[in-house]
file target-v3.txt (compact mmCIF, C-alpha atoms and all ligand atoms)
# COMPACT_ATOMS: atom_id res chain seq x y z
CA MET D 1 94.35 101.21 89.74
CA THR D 2 97.70 102.87 90.40
CA GLU D 3 100.08 103.73 87.57
CA ALA D 4 103.21 101.75 88.53
CA LEU D 5 106.08 103.94 87.29
CA PHE D 6 108.77 101.58 88.64
CA ARG D 7 107.75 98.97 86.05
CA ASP D 8 109.22 101.00 83.22
CA ASP D 9 111.89 102.88 85.16
CA SER D 10 113.16 101.33 88.37
CA TYR D 11 115.58 104.25 88.83
CA LEU D 12 112.84 106.78 89.57
CA ALA D 13 113.31 107.74 93.22
CA GLU D 14 110.40 110.18 93.35
CA THR D 15 107.34 111.40 91.52
CA GLU D 16 104.62 113.99 91.92
CA ALA D 17 101.26 112.34 92.49
CA VAL D 18 97.69 113.02 93.55
CA VAL D 19 96.07 111.29 96.54
CA LEU D 20 93.01 109.33 95.37
CA ALA D 21 92.05 107.96 98.78
CA SER D 22 93.43 107.70 102.32
CA GLY D 23 92.45 105.21 104.97
CA PRO D 24 93.70 102.85 107.64
CA GLY D 25 94.83 100.42 104.89
CA GLY D 26 97.04 103.05 103.36
CA VAL D 27 97.27 105.96 100.97
CA ILE D 28 96.30 105.40 97.33
CA LEU D 29 97.97 107.60 94.72
CA ASP D 30 97.22 108.00 91.01
CA ARG D 31 100.84 107.03 90.26
CA THR D 32 103.77 105.83 92.30
CA VAL D 33 107.45 104.87 92.40
CA PHE D 34 106.88 102.64 95.47
CA TYR D 35 107.32 98.92 94.71
CA PRO D 36 104.67 96.81 96.49
CA GLN D 37 105.74 93.72 98.40
CA GLY D 38 105.76 90.70 96.11
CA GLY D 39 107.88 88.15 94.31
CA GLY D 40 110.02 87.69 97.40
CA GLN D 41 110.89 91.40 97.56
CA GLY D 42 109.74 93.68 100.36
CA GLY D 43 107.60 96.76 99.80
CA ASP D 44 109.35 100.11 99.50
CA ARG D 45 109.64 102.54 102.37
CA GLY D 46 109.91 106.30 102.04
CA ALA D 47 107.77 109.39 102.47
CA LEU D 48 104.91 111.36 100.98
CA VAL D 49 105.88 115.02 101.12
CA MET D 50 102.94 117.44 101.25
CA GLU D 51 102.85 120.84 99.57
CA ASP D 52 103.50 122.54 102.94
CA GLY D 53 106.67 120.49 103.30
CA THR D 54 105.45 118.09 105.99
CA ALA D 55 106.25 114.45 105.32
CA VAL D 56 104.24 111.31 106.04
CA ALA D 57 106.57 108.36 106.60
CA ILE D 58 105.63 105.26 104.59
CA VAL D 59 106.73 102.05 106.31
CA ASN D 60 105.61 99.50 103.71
CA THR D 61 103.93 99.18 100.32
CA VAL D 62 101.48 96.42 99.40
CA TYR D 63 98.94 95.58 96.73
CA ASP D 64 95.27 95.93 97.53
CA ALA D 65 93.10 92.84 96.99
CA ASP D 66 92.62 93.76 93.29
CA ARG D 67 96.41 93.45 92.69
CA ALA D 68 96.25 96.69 90.69
CA THR D 69 95.84 99.32 93.39
CA ILE D 70 98.96 100.06 95.44
CA LEU D 71 98.63 100.90 99.14
CA HIS D 72 101.27 103.08 100.84
CA ALA D 73 101.16 102.07 104.52
CA PRO D 74 101.81 105.08 106.78
CA ALA D 75 103.69 105.02 110.08
CA ALA D 76 101.41 104.52 113.10
CA GLY D 77 99.66 107.72 114.15
CA ALA D 78 100.56 109.63 110.99
CA VAL D 79 98.18 112.37 109.83
CA LEU D 80 97.15 111.22 106.36
CA PRO D 81 96.96 113.50 103.34
CA PRO D 82 93.34 113.97 102.20
CA ALA D 83 92.01 112.84 98.81
CA GLY D 84 92.89 115.40 96.17
CA ALA D 85 96.13 116.50 97.87
CA ARG D 86 99.25 116.78 95.72
CA VAL D 87 102.27 115.03 97.15
CA LEU D 88 105.84 114.19 96.25
CA ALA D 89 106.18 110.42 96.65
CA ARG D 90 109.80 109.61 97.47
CA ILE D 91 111.25 106.18 98.18
CA ASP D 92 114.19 105.26 100.41
CA TRP D 93 116.52 105.02 97.42
CA GLU D 94 119.47 103.50 99.26
CA LEU D 95 117.29 100.60 100.41
CA ARG D 96 115.75 100.10 96.97
CA LEU D 97 119.11 100.09 95.19
CA LYS D 98 120.38 97.39 97.57
CA ARG D 99 117.31 95.32 96.75
CA MET D 100 117.69 95.95 92.99
CA ARG D 101 121.30 94.76 93.12
CA ALA D 102 120.37 91.67 95.15
CA HIS D 103 117.37 90.87 92.94
CA THR D 104 119.43 91.10 89.75
CA ALA D 105 122.12 88.93 91.35
CA LEU D 106 119.47 86.27 91.97
CA HIS D 107 118.65 86.22 88.24
CA LEU D 108 122.33 85.45 87.61
CA LEU D 109 122.32 82.83 90.37
CA SER D 110 119.51 81.07 88.49
CA VAL D 111 121.83 80.99 85.47
CA VAL D 112 124.72 79.53 87.47
CA ALA D 113 122.40 76.95 89.08
CA PRO D 114 120.01 76.10 86.21
CA TYR D 115 117.39 74.28 88.27
CA PRO D 116 113.71 74.99 88.92
CA VAL D 117 113.34 77.68 91.60
CA THR D 118 110.99 76.74 94.43
CA GLY D 119 111.34 79.86 96.56
CA GLY D 120 113.35 82.97 97.13
CA SER D 121 113.73 86.22 98.95
CA VAL D 122 115.38 89.55 98.22
CA GLY D 123 116.93 91.35 101.18
CA GLU D 124 118.94 94.51 101.61
CA GLY D 125 122.14 93.55 99.86
CA GLU D 126 121.52 89.86 100.32
CA GLY D 127 119.13 87.22 99.11
CA ARG D 128 118.46 83.55 98.64
CA LEU D 129 116.98 81.12 96.15
CA ASP D 130 115.73 77.61 96.79
CA PHE D 131 116.37 75.14 94.00
CA ASP D 132 114.93 71.78 93.18
CA SER D 133 118.39 70.61 92.17
CA GLY D 134 117.70 66.87 92.18
CA GLU D 135 120.78 64.86 93.01
CA ALA D 136 123.12 67.51 91.61
CA SER D 137 125.55 68.93 94.13
CA LEU D 138 126.32 72.62 94.29
CA ASP D 139 129.81 73.67 95.30
CA LYS D 140 129.98 76.97 97.17
CA ALA D 141 133.29 78.16 95.71
CA GLU D 142 132.29 77.16 92.20
CA VAL D 143 128.91 78.92 92.38
CA GLU D 144 130.53 82.05 93.80
CA GLY D 145 133.26 82.09 91.15
CA ARG D 146 130.82 81.66 88.27
CA LEU D 147 128.39 84.22 89.70
CA ASN D 148 131.11 86.86 89.89
CA GLU D 149 132.23 86.05 86.34
CA LEU D 150 128.72 86.78 85.09
CA ILE D 151 128.48 90.00 87.14
CA ALA D 152 131.81 91.16 85.72
CA LEU D 153 130.55 90.72 82.14
CA ASP D 154 128.59 93.93 82.85
CA ARG D 155 125.71 92.84 80.64
CA ALA D 156 122.69 95.08 79.99
CA VAL D 157 119.45 94.31 81.84
CA THR D 158 116.36 95.29 79.85
CA HIS D 159 112.66 94.54 79.83
CA ARG D 160 109.84 94.40 77.33
CA TRP D 161 106.13 93.71 77.47
CA ILE D 162 104.48 90.85 75.63
CA ALA D 163 100.89 89.57 75.51
CA ASP D 164 100.06 86.88 78.10
CA GLU D 165 99.37 84.35 75.36
CA ASP D 166 102.80 84.92 73.82
CA LEU D 167 104.62 83.83 76.99
CA ASP D 168 106.62 80.66 76.39
CA PRO D 169 105.97 78.56 79.55
CA GLY D 170 109.53 77.27 79.19
CA LEU D 171 110.81 80.69 80.30
CA VAL D 172 109.21 80.39 83.73
CA LYS D 173 111.91 79.34 86.21
CA THR D 174 110.02 79.95 89.42
CA MET D 175 107.63 77.25 90.52
CA SER D 176 106.46 79.11 93.62
CA VAL D 177 106.19 82.68 92.33
CA LYS D 178 103.74 83.04 89.46
CA PRO D 179 104.78 85.48 86.76
CA PRO D 180 102.88 88.78 87.03
CA MET D 181 100.00 88.02 84.65
CA GLY D 182 96.32 88.80 84.52
CA THR D 183 96.52 92.30 83.07
CA GLY D 184 96.77 90.91 79.54
CA ARG D 185 100.48 91.57 79.29
CA VAL D 186 103.53 90.17 80.99
CA ARG D 187 106.93 91.71 81.57
CA LEU D 188 109.95 89.84 80.23
CA VAL D 189 113.28 90.70 81.79
CA GLU D 190 116.42 89.95 79.81
CA ILE D 191 120.03 89.93 80.89
CA GLU D 192 121.78 90.20 77.55
CA GLY D 193 122.80 86.76 76.37
CA LEU D 194 122.38 85.18 79.82
CA ASP D 195 118.84 85.14 81.16
CA LEU D 196 115.30 85.72 79.95
CA GLN D 197 112.31 85.27 82.25
CA PRO D 198 109.02 86.91 83.18
CA CYS D 199 109.54 89.14 86.22
CA GLY D 200 107.73 92.10 87.73
CA GLY D 201 110.58 93.10 90.05
CA THR D 202 113.11 95.92 90.05
CA HIS D 203 116.56 95.45 88.51
CA VAL D 204 119.77 97.39 87.98
CA ARG D 205 120.61 98.45 84.41
CA ARG D 206 123.84 96.50 84.08
CA THR D 207 125.13 93.45 85.93
CA GLY D 208 128.31 95.34 86.83
CA GLU D 209 126.25 97.48 89.23
CA ILE D 210 125.71 94.41 91.42
CA GLY D 211 129.33 94.48 92.56
CA ARG D 212 131.13 91.61 94.24
CA ALA D 213 128.87 88.79 95.46
CA SER D 214 129.67 86.06 97.96
CA VAL D 215 127.86 82.79 98.49
CA THR D 216 127.32 82.73 102.25
CA GLY D 217 125.73 79.31 102.45
CA ILE D 218 124.33 76.31 100.64
CA GLU D 219 121.91 74.35 102.80
CA LYS D 220 119.99 71.17 102.22
CA LYS D 221 116.25 71.77 102.52
CA GLY D 222 114.90 68.27 102.09
CA ARG D 223 116.16 65.53 99.83
CA ILE D 224 116.28 67.38 96.51
CA ASN D 225 116.10 70.99 97.63
CA ARG D 226 119.04 73.33 98.10
CA ARG D 227 118.94 76.84 99.53
CA VAL D 228 121.68 79.15 98.24
CA ARG D 229 122.32 82.39 100.13
CA ILE D 230 124.28 85.28 98.69
CA ALA D 231 125.50 88.60 100.07
CA LEU D 232 126.75 91.65 98.20
CA GLY D 233 129.60 93.95 99.08
CA ALA D 234 129.18 97.70 99.44
CA ALA D 235 128.29 99.42 96.16
ZN ZN B 1 113.53 90.00 88.35

call {"tool": "encode", "arguments": {"input": "target-v3.txt", "output": "structure tokens"}}
result
Amino acid sequence: MTEALFRDDSYLAETEAVVLASGPGGVILDRTVFYPQGGGQGGDRGALVMEDGTAVAIVNTVYDADRATILHAPAAGAVLPPAGARVLARIDWELRLKRMRAHTALHLLSVVAPYPVTGGSVGEGEGRLDFDSGEASLDKAEVEGRLNELIALDRAVTHRWIADEDLDPGLVKTMSVKPPMGTGRVRLVEIEGLDLQPCGGTHVRRTGEIGRASVTGIEKKGRINRRVRIALGAA
């Protein structure tokens, strides 16, 4: 099991860590700041810097089958650090921040369009959510206007841990992505006064950090499904 430092501080760009195991599947550390692919968000990229200063490029991060061990996938042909080695694990911060801004914007999008979420994806400064919106119509300009109003409120984004059994099922907005449960506790993410839902992802600290968002498309995906795409401006 890897200590997932990003769960309590998504702003950590690097950490010292010890290699527990290295193999073709990836490098396992005792602790990490690398977010593993999941919940519609890609795995972090970055590098493991060895004590002699050489760096192993990490091209993706995924969970192992146990969903508790995090695998840092090295670039092809990389010489892997041996078990016991001390490394500095450093993520591509620019990439992560873009994803954190986009991910937090999607929380606000789910406030603007209060329908069950059937799918979603977080990109680099863009993202999308699929809604089961029924017969309701979504107007692009209206959604964009409301989304930017919420961003501009500059509300605090915080999280807290609760026991699995204390999770109110009514808080679960995503039908396709199960909240991160199974460890006995679940992480609730709150945008002050606007949104409260279980989420294991990475978020910015205040909605103002998202910056200006545009709605780049609203597509029909079947009779009652709508896909809403957003893009963010430069930070
Ligand atoms: Zn989230």

call {"tool": "residues_around", "arguments": {"input": "target-v3.txt", "residues": "Arg155 in chain D", "least_positions_apart": "6", "cutoff": "7 Å", "atoms": "all atoms listed in the file", "output": "PyMOL selection string"}}
result
chain D and resi 191-192+206-207

call {"tool": "closest_residue", "arguments": {"input": "target-v3.txt", "among": "D:Leu106, D:Ala89, D:Val62, D:Leu48", "to": "Leu5 in chain D", "atoms": "only C-alpha atoms"}}
result
D:Ala89

call {"tool": "residues_near_ligand", "arguments": {"input": "target-v3.txt", "ligand": "ligand ZN 1 (chain B)", "cutoff": "12 Å", "atoms": "only C-alpha atoms and all ligand atoms", "output": "ChimeraX atom specification"}}
result
/D:7,10,38-41,99-110,120-122,157-159,172-174,177,179-180,187-191,195-205

call {"tool": "residues_around", "arguments": {"input": "target-v3.txt", "residues": "range 134-148 of chain D", "least_positions_apart": "6", "cutoff": "12 Å", "atoms": "only C-alpha atoms", "output": "PyMOL selection string"}}
result
chain D and resi 104-117+154+194+207-233

call {"tool": "residues_near_point", "arguments": {"input": "target-v3.txt", "point": "(115.2, 104.9, 100.4)", "cutoff": "8 Å", "atoms": "all atoms listed in the file", "output": "list in words"}}
result
Ala13, Asp44, Arg45, Gly46, Arg90, Ile91, Asp92, Trp93, Glu94, Leu95 and Arg96 of chain D

call {"tool": "atom_distance", "arguments": {"input": "target-v3.txt", "atom1": "CA of Ile58 in chain D", "atom2": "CA of Arg160 in chain D"}}
result
29.6 Å

call {"tool": "axis_aligned_box", "arguments": {"input": "target-v3.txt", "around": "range 226-234 of chain D", "padding_each_side": "5 Å", "output": "JSON"}}
result
{"center_x": 124.3, "center_y": 85.5, "center_z": 99.1, "size_x": 20.7, "size_y": 34.4, "size_z": 12.0}

call {"tool": "closest_residue", "arguments": {"input": "target-v3.txt", "among": "D:Phe131, D:Lys98, D:Val19, D:Pro36", "to": "Arg67 in chain D", "atoms": "only C-alpha atoms"}}
result
D:Pro36

call {"tool": "closest_atom_pairs", "arguments": {"input": "target-v3.txt", "of": "range 63-117 of chain D", "to": "range 26-30 of chain D", "cutoff": "8 Å", "atoms": "all atoms listed in the file", "output": "Markdown table"}}
result
| residue | atom | partner | partner_atom | distance |
| --- | --- | --- | --- | --- |
| D:Thr69 | CA | D:Ile28 | CA | 7.3 |
| D:Ile70 | CA | D:Ile28 | CA | 6.3 |
| D:Leu71 | CA | D:Gly26 | CA | 5.0 |
| D:His72 | CA | D:Gly26 | CA | 4.9 |
| D:Ala73 | CA | D:Gly26 | CA | 4.4 |
| D:Pro74 | CA | D:Gly26 | CA | 6.2 |
| D:Leu80 | CA | D:Val27 | CA | 7.5 |
| D:Pro81 | CA | D:Val27 | CA | 7.9 |

call {"tool": "closest_residue", "arguments": {"input": "target-v3.txt", "among": "D:Asp132, D:Gly193, D:Glu165, D:Ala76", "to": "Leu150 in chain D", "atoms": "all atoms listed in the file"}}
result
D:Gly193

call {"tool": "atom_distance", "arguments": {"input": "target-v3.txt", "atom1": "CA of Ala47 in chain D", "atom2": "CA of Thr32 in chain D"}}
result
11.5 Å

call {"tool": "decode", "arguments": {"input": "target-v3.txt", "residues": "range 122-155 of chain D", "atoms": "C-alpha atoms", "output": "PDB file, in the first residue's frame"}}
result
ATOM      1  CA  VAL D 122     -10.676  15.666 -17.048  1.00  0.00           C
ATOM      2  CA  GLY D 123      -8.177  16.930 -19.599  1.00  0.00           C
ATOM      3  CA  GLU D 124      -5.384  19.462 -19.555  1.00  0.00           C
ATOM      4  CA  GLY D 125      -7.339  22.657 -19.125  1.00  0.00           C
ATOM      5  CA  GLU D 126     -10.495  21.152 -20.523  1.00  0.00           C
ATOM      6  CA  GLY D 127     -13.033  18.531 -19.593  1.00  0.00           C
ATOM      7  CA  ARG D 128     -16.500  17.168 -20.125  1.00  0.00           C
ATOM      8  CA  LEU D 129     -19.422  15.728 -18.213  1.00  0.00           C
ATOM      9  CA  ASP D 130     -22.265  13.616 -19.553  1.00  0.00           C
ATOM     10  CA  PHE D 131     -25.631  14.249 -17.956  1.00  0.00           C
ATOM     11  CA  ASP D 132     -28.820  12.305 -17.862  1.00  0.00           C
ATOM     12  CA  SER D 133     -30.749  15.544 -18.239  1.00  0.00           C
ATOM     13  CA  GLY D 134     -34.102  14.043 -19.229  1.00  0.00           C
ATOM     14  CA  GLU D 135     -36.091  16.362 -21.442  1.00  0.00           C
ATOM     15  CA  ALA D 136     -34.477  19.472 -19.976  1.00  0.00           C
ATOM     16  CA  SER D 137     -32.600  21.577 -22.491  1.00  0.00           C
ATOM     17  CA  LEU D 138     -29.239  23.110 -21.697  1.00  0.00           C
ATOM     18  CA  ASP D 139     -28.395  26.456 -23.228  1.00  0.00           C
ATOM     19  CA  LYS D 140     -24.706  26.977 -23.955  1.00  0.00           C
ATOM     20  CA  ALA D 141     -24.587  30.697 -23.153  1.00  0.00           C
ATOM     21  CA  GLU D 142     -26.633  30.244 -19.991  1.00  0.00           C
ATOM     22  CA  VAL D 143     -24.466  27.384 -18.693  1.00  0.00           C
ATOM     23  CA  GLU D 144     -21.298  29.334 -19.451  1.00  0.00           C
ATOM     24  CA  GLY D 145     -22.587  32.487 -17.765  1.00  0.00           C
ATOM     25  CA  ARG D 146     -23.670  30.661 -14.616  1.00  0.00           C
ATOM     26  CA  LEU D 147     -20.449  28.621 -14.465  1.00  0.00           C
ATOM     27  CA  ASN D 148     -18.333  31.769 -14.552  1.00  0.00           C
ATOM     28  CA  GLU D 149     -20.498  33.391 -11.877  1.00  0.00           C
ATOM     29  CA  LEU D 150     -19.783  30.463  -9.557  1.00  0.00           C
ATOM     30  CA  ILE D 151     -16.048  30.533 -10.358  1.00  0.00           C
ATOM     31  CA  ALA D 152     -15.942  34.262  -9.603  1.00  0.00           C
ATOM     32  CA  LEU D 153     -17.454  33.697  -6.137  1.00  0.00           C
ATOM     33  CA  ASP D 154     -13.962  32.401  -5.259  1.00  0.00           C
ATOM     34  CA  ARG D 155     -15.355  29.871  -2.800  1.00  0.00           C
TER      35      ARG D 155
END
